[in-house]
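J.: Just one file: start-v7.cif, with mmCIF, C-alpha atoms.
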```
data_input
loop_
_atom_site.label_atom_id
_atom_site.label_comp_id
_atom_site.auth_asym_id
_atom_site.auth_seq_id
_atom_site.Cartn_x
_atom_site.Cartn_y
_atom_site.Cartn_z
CA MET A 1 212.38 -70.04 94.47
CA GLN A 2 216.01 -69.89 93.33
CA THR A 3 217.10 -66.95 91.20
CA PRO A 4 215.78 -67.59 87.71
CA SER A 5 218.51 -68.30 85.20
CA VAL A 6 216.52 -67.76 82.01
CA PRO A 7 213.93 -65.20 80.96
CA PRO A 8 210.23 -66.11 81.21
CA ARG A 9 208.58 -67.82 78.25
CA ASP A 10 205.79 -66.00 76.43
CA PRO A 11 202.23 -67.39 76.59
CA GLY A 12 202.36 -69.09 73.19
CA VAL A 13 205.53 -70.97 74.06
CA ARG A 14 204.12 -72.01 77.43
CA LYS A 15 200.97 -73.36 75.78
CA ALA A 16 202.97 -75.28 73.19
CA ASP A 17 205.22 -76.69 75.92
CA ALA A 18 202.18 -77.68 78.02
CA LEU A 19 200.52 -79.46 75.11
CA ALA A 20 203.78 -81.23 74.28
CA ALA A 21 204.09 -82.38 77.91
CA LEU A 22 200.53 -83.74 77.87
CA ALA A 23 201.21 -85.69 74.69
CA THR A 24 204.48 -87.21 75.91
CA PRO A 25 204.56 -91.02 75.76
CA ALA A 26 204.47 -92.73 79.17
CA ILE A 27 203.98 -89.47 81.04
CA ASP A 28 202.71 -89.53 84.62
CA ALA A 29 200.57 -86.98 86.41
CA TRP A 30 200.30 -86.11 90.08
CA VAL A 31 196.59 -86.30 90.78
CA ALA A 32 195.26 -84.47 93.85
CA THR A 33 191.68 -84.97 95.02
CA ALA A 34 189.72 -84.14 98.15
CA SER A 35 187.28 -86.23 100.11
CA ALA A 36 183.98 -84.91 101.41
CA ALA A 37 185.52 -85.06 104.89
CA GLY A 38 188.31 -82.68 103.86
CA GLY A 39 191.14 -85.16 103.39
CA ALA A 40 193.63 -84.51 100.62
CA HIS A 41 194.72 -87.42 98.47
CA LEU A 42 197.64 -87.52 96.04
CA VAL A 43 198.87 -90.27 93.72
CA PRO A 44 200.92 -90.54 90.53
CA LEU A 45 199.04 -91.98 87.57
CA SER A 46 199.81 -92.52 83.90
CA LEU A 47 197.80 -90.25 81.66
CA ALA A 48 196.84 -89.89 78.05
CA TRP A 49 195.79 -86.71 76.26
CA VAL A 50 192.86 -87.66 74.01
CA HIS A 51 190.71 -85.16 72.11
CA ASP A 52 191.68 -82.32 74.47
CA ARG A 53 190.88 -84.38 77.55
CA VAL A 54 193.08 -85.88 80.24
CA VAL A 55 192.37 -89.59 80.56
CA ILE A 56 193.45 -91.67 83.54
CA ALA A 57 192.85 -95.36 84.25
CA LEU A 58 192.43 -96.57 87.81
CA ALA A 59 190.49 -98.85 90.11
CA ALA A 60 186.93 -97.62 90.53
CA ALA A 61 187.30 -98.48 94.22
CA SER A 62 190.44 -96.32 94.68
CA VAL A 63 190.39 -93.21 96.85
CA THR A 64 191.15 -91.05 93.83
CA ALA A 65 188.26 -92.44 91.78
CA ALA A 66 185.87 -92.19 94.73
CA ASN A 67 186.88 -88.58 95.41
CA LEU A 68 186.67 -87.61 91.75
CA THR A 69 183.30 -89.25 91.28
CA ALA A 70 181.88 -87.58 94.39
CA SER A 71 183.35 -84.10 93.93
CA GLY A 72 183.63 -84.04 90.15
CA ARG A 73 186.97 -82.26 90.46
CA ALA A 74 190.72 -82.80 90.67
CA ARG A 75 193.92 -80.80 90.34
CA LEU A 76 196.75 -82.46 88.53
CA ASP A 77 200.28 -81.69 87.50
CA VAL A 78 202.35 -82.93 84.62
CA GLY A 79 206.07 -82.32 84.79
CA PRO A 80 208.67 -81.84 87.50
CA THR A 81 208.48 -79.27 90.28
CA ARG A 82 210.42 -76.68 88.28
CA ASP A 83 208.59 -77.18 85.01
CA VAL A 84 205.02 -77.23 86.26
CA VAL A 85 201.92 -77.77 84.12
CA MET A 86 199.07 -77.54 86.63
CA ILE A 87 195.60 -78.45 85.43
CA ASP A 88 192.31 -78.11 87.26
CA VAL A 89 189.86 -80.58 85.78
CA GLU A 90 186.22 -81.58 85.94
CA LEU A 91 185.05 -85.14 85.54
CA GLU A 92 183.34 -85.47 82.17
CA ARG A 93 182.61 -89.19 82.19
CA ALA A 94 183.65 -92.50 83.67
CA VAL A 95 183.70 -95.67 81.60
CA VAL A 96 184.67 -99.27 82.37
CA VAL A 97 187.97 -99.94 80.61
CA ASP A 98 186.52 -102.72 78.44
CA ASP A 99 183.51 -100.69 77.30
CA ASP A 100 185.17 -98.13 75.00
CA ASP A 101 187.72 -99.65 72.64
CA GLU A 102 188.52 -96.40 70.84
CA LEU A 103 189.33 -94.66 74.12
CA ALA A 104 191.26 -97.69 75.35
CA ALA A 105 193.35 -97.82 72.17
CA SER A 106 194.17 -94.12 72.46
CA TYR A 107 195.10 -94.50 76.12
CA ALA A 108 197.25 -97.57 75.52
CA GLY A 109 198.93 -95.85 72.59
CA GLN A 110 200.31 -93.11 74.81
CA ALA A 111 200.53 -94.67 78.27
CA ASP A 112 202.95 -97.48 78.93
CA TRP A 113 200.27 -100.02 79.76
CA ASP A 114 196.88 -101.21 78.59
CA PRO A 115 194.31 -101.50 81.37
CA ARG A 116 191.84 -103.54 79.32
CA GLY A 117 191.04 -106.76 81.10
CA THR A 118 191.92 -105.36 84.52
CA PRO A 119 188.92 -106.08 86.75
CA GLY A 120 187.33 -103.06 88.40
CA TYR A 121 189.27 -100.50 86.37
CA VAL A 122 187.69 -97.45 84.80
CA PHE A 123 188.78 -94.64 82.56
CA LEU A 124 188.02 -91.19 83.91
CA VAL A 125 187.79 -88.56 81.17
CA LEU A 126 188.72 -85.17 82.64
CA ARG A 127 187.99 -81.81 81.05
CA PRO A 128 190.59 -79.10 81.76
CA VAL A 129 189.05 -75.90 83.09
CA ARG A 130 192.22 -74.09 84.15
CA VAL A 131 195.80 -74.61 83.02
CA GLN A 132 198.81 -72.90 84.55
CA ALA A 133 202.46 -73.36 83.56
CA TRP A 134 205.59 -72.04 85.21
CA ARG A 135 209.22 -72.97 85.70
CA GLU A 136 210.72 -70.53 88.15
CA ALA A 137 209.62 -67.51 90.17
CA ASN A 138 209.89 -65.17 87.20
CA GLU A 139 207.20 -67.19 85.40
CA ILE A 140 204.58 -66.82 88.14
CA PRO A 141 203.18 -63.73 86.38
CA GLY A 142 201.39 -64.92 83.25
CA ARG A 143 201.17 -68.52 84.43
CA THR A 144 197.47 -68.90 83.63
CA LEU A 145 197.02 -70.26 80.10
CA MET A 146 193.41 -71.49 80.29
CA ARG A 147 190.52 -70.17 82.33
CA GLY A 148 186.94 -71.42 82.36
CA GLY A 149 187.91 -74.12 79.88
CA ALA A 150 189.14 -71.63 77.27
CA TRP A 151 192.77 -71.08 76.22
CA LEU A 152 193.81 -67.48 76.68
CA ALA A 153 196.53 -67.57 74.02
CA MET B 1 202.54 -99.64 85.77
CA GLN B 2 205.21 -100.86 83.39
CA THR B 3 206.82 -104.23 84.01
CA PRO B 4 209.26 -103.78 86.87
CA SER B 5 212.86 -104.12 85.82
CA VAL B 6 214.42 -104.55 89.26
CA PRO B 7 213.38 -106.51 92.36
CA PRO B 8 211.58 -104.67 95.17
CA ARG B 9 213.67 -103.02 97.89
CA ASP B 10 213.36 -104.33 101.42
CA PRO B 11 211.85 -102.07 104.12
CA GLY B 12 215.18 -100.95 105.58
CA VAL B 13 216.47 -99.82 102.20
CA ARG B 14 213.23 -98.01 101.46
CA LYS B 15 213.40 -96.16 104.77
CA ALA B 16 217.03 -95.17 104.21
CA ASP B 17 216.19 -94.01 100.68
CA ALA B 18 213.20 -92.01 101.96
CA LEU B 19 215.26 -90.29 104.65
CA ALA B 20 217.99 -89.52 102.11
CA ALA B 21 215.41 -87.99 99.77
CA LEU B 22 214.04 -85.80 102.58
CA ALA B 23 217.52 -84.55 103.43
CA THR B 24 218.46 -83.73 99.82
CA PRO B 25 219.57 -80.12 99.31
CA ALA B 26 217.11 -77.98 97.35
CA ILE B 27 214.49 -80.74 97.21
CA ASP B 28 210.90 -79.86 96.35
CA ALA B 29 207.73 -81.52 97.54
CA TRP B 30 204.31 -81.77 95.94
CA VAL B 31 201.95 -80.57 98.65
CA ALA B 32 198.28 -81.56 98.38
CA THR B 33 195.68 -80.03 100.68
CA ALA B 34 191.91 -79.91 100.76
CA SER B 35 189.56 -77.02 101.47
CA ALA B 36 186.53 -77.29 103.72
CA ALA B 37 184.44 -77.05 100.55
CA GLY B 38 186.07 -80.16 99.11
CA GLY B 39 188.45 -78.56 96.64
CA ALA B 40 191.85 -80.17 96.13
CA HIS B 41 194.88 -77.95 95.95
CA LEU B 42 198.37 -78.92 94.79
CA VAL B 43 201.60 -76.92 94.62
CA PRO B 44 205.34 -77.61 94.55
CA LEU B 45 207.24 -76.19 97.51
CA SER B 46 210.82 -76.36 98.75
CA LEU B 47 211.14 -78.36 101.95
CA ALA B 48 213.61 -78.98 104.71
CA TRP B 49 213.81 -82.00 106.98
CA VAL B 50 214.48 -80.67 110.48
CA HIS B 51 214.39 -82.80 113.64
CA ASP B 52 212.19 -85.44 111.96
CA ARG B 53 209.73 -82.85 110.72
CA VAL B 54 208.93 -81.57 107.24
CA VAL B 55 209.23 -77.79 107.14
CA ILE B 56 207.79 -75.65 104.37
CA ALA B 57 207.82 -71.86 103.97
CA LEU B 58 204.95 -70.11 102.25
CA ALA B 59 202.65 -67.11 102.33
CA ALA B 60 200.24 -67.34 105.25
CA ALA B 61 197.55 -66.11 102.85
CA SER B 62 198.17 -68.89 100.30
CA VAL B 63 195.56 -71.56 99.61
CA THR B 64 197.92 -74.25 100.89
CA ALA B 65 198.56 -72.46 104.21
CA ALA B 66 194.87 -71.71 104.66
CA ASN B 67 193.89 -75.32 103.96
CA LEU B 68 196.60 -76.70 106.23
CA THR B 69 195.75 -74.36 109.06
CA ALA B 70 192.05 -75.18 108.83
CA SER B 71 192.27 -78.94 108.34
CA GLY B 72 195.55 -79.61 110.12
CA ARG B 73 196.51 -82.09 107.40
CA ALA B 74 198.30 -82.48 104.08
CA ARG B 75 199.64 -85.22 101.88
CA LEU B 76 202.94 -84.59 100.23
CA ASP B 77 205.34 -86.36 97.95
CA VAL B 78 209.08 -86.10 97.58
CA GLY B 79 210.60 -87.58 94.48
CA PRO B 80 209.51 -88.31 90.92
CA THR B 81 206.44 -90.34 89.95
CA ARG B 82 208.41 -93.58 89.76
CA ASP B 83 210.37 -93.11 92.97
CA VAL B 84 207.60 -92.00 95.29
CA VAL B 85 208.00 -91.00 98.92
CA MET B 86 204.45 -90.16 100.02
CA ILE B 87 203.98 -88.59 103.41
CA ASP B 88 200.74 -87.85 105.22
CA VAL B 89 201.41 -85.08 107.72
CA GLU B 90 199.74 -83.19 110.53
CA LEU B 91 200.38 -79.53 111.22
CA GLU B 92 202.44 -79.26 114.41
CA ARG B 93 202.98 -75.51 114.48
CA ALA B 94 203.10 -72.39 112.35
CA VAL B 95 205.62 -69.64 112.98
CA VAL B 96 206.34 -66.34 111.25
CA VAL B 97 209.61 -66.76 109.34
CA ASP B 98 211.39 -64.03 111.30
CA ASP B 99 210.36 -65.40 114.70
CA ASP B 100 212.47 -68.58 114.91
CA ASP B 101 216.06 -68.09 113.83
CA GLU B 102 217.15 -71.66 114.56
CA LEU B 103 214.39 -73.06 112.40
CA ALA B 104 215.07 -70.46 109.71
CA ALA B 105 218.77 -71.30 109.64
CA SER B 106 218.01 -75.02 109.31
CA TYR B 107 215.51 -74.36 106.54
CA ALA B 108 217.83 -72.05 104.62
CA GLY B 109 220.67 -74.52 105.01
CA GLN B 110 218.81 -77.18 103.07
CA ALA B 111 216.42 -75.28 100.83
CA ASP B 112 217.75 -73.11 98.06
CA TRP B 113 216.38 -69.88 99.50
CA ASP B 114 215.98 -68.07 102.80
CA PRO B 115 212.48 -66.74 103.42
CA ARG B 116 213.49 -64.44 106.29
CA GLY B 117 212.40 -60.92 105.54
CA THR B 118 209.64 -62.01 103.18
CA PRO B 119 206.47 -60.25 104.42
CA GLY B 120 203.56 -62.53 105.27
CA TYR B 121 205.57 -65.75 105.11
CA VAL B 122 205.35 -68.51 107.69
CA PHE B 123 207.06 -71.80 108.37
CA LEU B 124 204.71 -74.72 108.76
CA VAL B 125 206.22 -77.55 110.77
CA LEU B 126 204.62 -80.81 109.70
CA ARG B 127 204.74 -84.08 111.61
CA PRO B 128 204.75 -87.23 109.46
CA VAL B 129 202.09 -89.73 110.47
CA ARG B 130 202.29 -92.11 107.51
CA VAL B 131 205.13 -92.65 105.05
CA GLN B 132 204.90 -94.83 101.96
CA ALA B 133 207.61 -95.44 99.39
CA TRP B 134 207.46 -97.26 96.08
CA ARG B 135 209.06 -97.20 92.68
CA GLU B 136 207.15 -99.58 90.45
CA ALA B 137 204.17 -101.91 90.71
CA ASN B 138 206.20 -104.64 92.41
CA GLU B 139 206.87 -102.28 95.32
CA ILE B 140 203.20 -101.58 96.10
CA PRO B 141 203.23 -104.45 98.64
CA GLY B 142 205.24 -103.30 101.62
CA ARG B 143 205.06 -99.64 100.67
CA THR B 144 204.00 -98.45 104.14
CA LEU B 145 207.06 -97.54 106.21
CA MET B 146 205.45 -95.43 108.94
CA ARG B 147 202.00 -95.68 110.45
CA GLY B 148 200.55 -93.60 113.26
CA GLY B 149 203.75 -91.58 113.40
CA ALA B 150 205.93 -94.66 114.10
CA TRP B 151 208.44 -96.22 111.71
CA LEU B 152 207.65 -99.86 111.07
CA ALA B 153 211.23 -100.84 110.21
#
```
Would you write out, as C-alpha cells, the structure that this file holds?

T.:
Amino acid sequence: MQTPSVPPRDPGVRKADALAALATPAIDAWVATASAAGGAHLVPLSLAWVHDRVVIALAAASVTAANLTASGRARLDVGPTRDVVMIDVELERAVVVDDDDELAASYAGQADWDPRGTPGYVFLVLRPVRVQAWREANEIPGRTLMRGGAWLA
Amino acid sequence: MQTPSVPPRDPGVRKADALAALATPAIDAWVATASAAGGAHLVPLSLAWVHDRVVIALAAASVTAANLTASGRARLDVGPTRDVVMIDVELERAVVVDDDDELAASYAGQADWDPRGTPGYVFLVLRPVRVQAWREANEIPGRTLMRGGAWLA
C-alpha cells in the first residue's frame, strides 16, 4: 500500500509477465485451500506450468490434497507480495506420480525435484479459472486477466 | 524440496528468526481464510507485530475480513517460500481504524502506511495459536515452535 513508484502495466504486459512467472524454473506457489469445516490451509509448493495447467506434486494424504480433492478448488499465488500473480483453480485430475511419465518429465523439467518413486505422492493438475496480477495499489484496477477460464487480453 | 545446503536451525534460532521476521518494517503476510461455503481466499497484506499479536488493516467489507469475522480463524505466512514462518491465528478483536490511536500508531510505525482516515477500514488483532518455521526439507522435523498459543522453546 506504499505510494506506487512506477506507472501501472497494461493488460498485455501483465499477462506476459504472469506467464513468464509460471514458467520460471524452480518456482514455488503459495497454495490456499479450505476444508469442509471452514479451516483455511496454506503451504508453499513447487509448481510446473504444463499445457496451460498448474501442476503440483504432493502427498495424497496431505491437508492440501485432501481439501483440493474434496472441494475441487484452490487459490494460489506465484511471486512475492508486491508482484502478485493470483490464480483461482479447479482440480482437473489427480494422478499417481509414477502413472504418467510425460507429465512427470514435464514437472521434473521445471521444478527442482522429481517426485517419481515417492510413495503416496500424486500430481494434481489444476485448471486456471481466474488470474489476477498486480504489483502496487495503482495496479488494483485492471488486475483481472482471466475470467471463467478465458484470458481477457 | 531441493537438497538442503545448510544444516537445520535449532528451535531457539528458529523462534528468534520468526520474531525478527514479524517485527520487520514494511513486512507483508500472505493471509489465507476460508468461507463458510468452503472457498479458500488468499491475499497479501501489510502486518504489524504489536504486543505479541499480528495486526492487519483492511476493508471490513473485504472477503478476508468477512471470512475472518465469521470463522474466527486464518492461516498466514511471513517470509518467502523457502524461509517460511507459518502462523495459525484466532481473531481476538476487530476495531475501526480511527477508534484506537495507540494501536494505529503501532501499526503505522511498522507498516509502510497509516490506514487512519480510510473509510470502512478495520484493524483485526490476531492471536497466534500455532507457529511453524522451516526453510528446506531438512527443517520439516521440529518446525512447530508454538502450539495452543504457547511457545515450545

J.: Would you write out, as a ChimeraX atom specification, every residue that the PyMOL selection byres ((chain B) within 9 of (chain A)) captures in this file?

T.: /B:1-3,28-46,71,73-77,80-82,84,86,112-113

J.: Go ahead and write the selection's residues with C-alpha atoms as a short mmCIF file (atom, residue, chain, number, x, y, z; two decimals), in the coordinates of the input.

T.:
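Once written, again_9.cif looks like this:
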```
data_model
loop_
_atom_site.label_atom_id
_atom_site.label_comp_id
_atom_site.auth_asym_id
_atom_site.auth_seq_id
_atom_site.Cartn_x
_atom_site.Cartn_y
_atom_site.Cartn_z
CA MET B 1 202.54 -99.64 85.77
CA GLN B 2 205.21 -100.86 83.39
CA THR B 3 206.82 -104.23 84.01
CA ASP B 28 210.90 -79.86 96.35
CA ALA B 29 207.73 -81.52 97.54
CA TRP B 30 204.31 -81.77 95.94
CA VAL B 31 201.95 -80.57 98.65
CA ALA B 32 198.28 -81.56 98.38
CA THR B 33 195.68 -80.03 100.68
CA ALA B 34 191.91 -79.91 100.76
CA SER B 35 189.56 -77.02 101.47
CA ALA B 36 186.53 -77.29 103.72
CA ALA B 37 184.44 -77.05 100.55
CA GLY B 38 186.07 -80.16 99.11
CA GLY B 39 188.45 -78.56 96.64
CA ALA B 40 191.85 -80.17 96.13
CA HIS B 41 194.88 -77.95 95.95
CA LEU B 42 198.37 -78.92 94.79
CA VAL B 43 201.60 -76.92 94.62
CA PRO B 44 205.34 -77.61 94.55
CA LEU B 45 207.24 -76.19 97.51
CA SER B 46 210.82 -76.36 98.75
CA SER B 71 192.27 -78.94 108.34
CA ARG B 73 196.51 -82.09 107.40
CA ALA B 74 198.30 -82.48 104.08
CA ARG B 75 199.64 -85.22 101.88
CA LEU B 76 202.94 -84.59 100.23
CA ASP B 77 205.34 -86.36 97.95
CA PRO B 80 209.51 -88.31 90.92
CA THR B 81 206.44 -90.34 89.95
CA ARG B 82 208.41 -93.58 89.76
CA VAL B 84 207.60 -92.00 95.29
CA MET B 86 204.45 -90.16 100.02
CA ASP B 112 217.75 -73.11 98.06
CA TRP B 113 216.38 -69.88 99.50
#
```

J.: Please provide as a list in words all residues within 8 Å of Met146 (chain A), with the sequence filter that same-chain residues fewer than 2 positions apart are discarded (counting all atoms listed in the file).

T.: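 My list of contacting residues is Val129, Arg130, Val131, Gln132, Thr144, Gly148, Gly149, Ala150, Trp151 and Leu152 of chain A.
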
J.: Need the shell around Ala20 (chain B): protein/DNA/RNA residues with any atom at most 12 Å away, counting all atoms listed in the file. Skip same-chain ones fewer than 4 positions apart. Format as a list in words?

T.: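 So, after excluding close chain neighbours, the residues are Val13, Arg14, Lys15, Ala16, Thr24, Pro25, Ile27, Ala48, Trp49, Val78, Gly79 and Val85 of chain B.
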
J.: For CA of Leu91 (chain B) and CA of Ala66 (chain A), quote the distance in Å rounded to one decimal.

T.: 25.4 Å

J.: What does the PyMOL selection byres ((chain A and resi 50) around 9) select in this file, as an MDAnalysis selection string?

T.: chainID A and resid 23 48:49 51:55 103 106:107 125
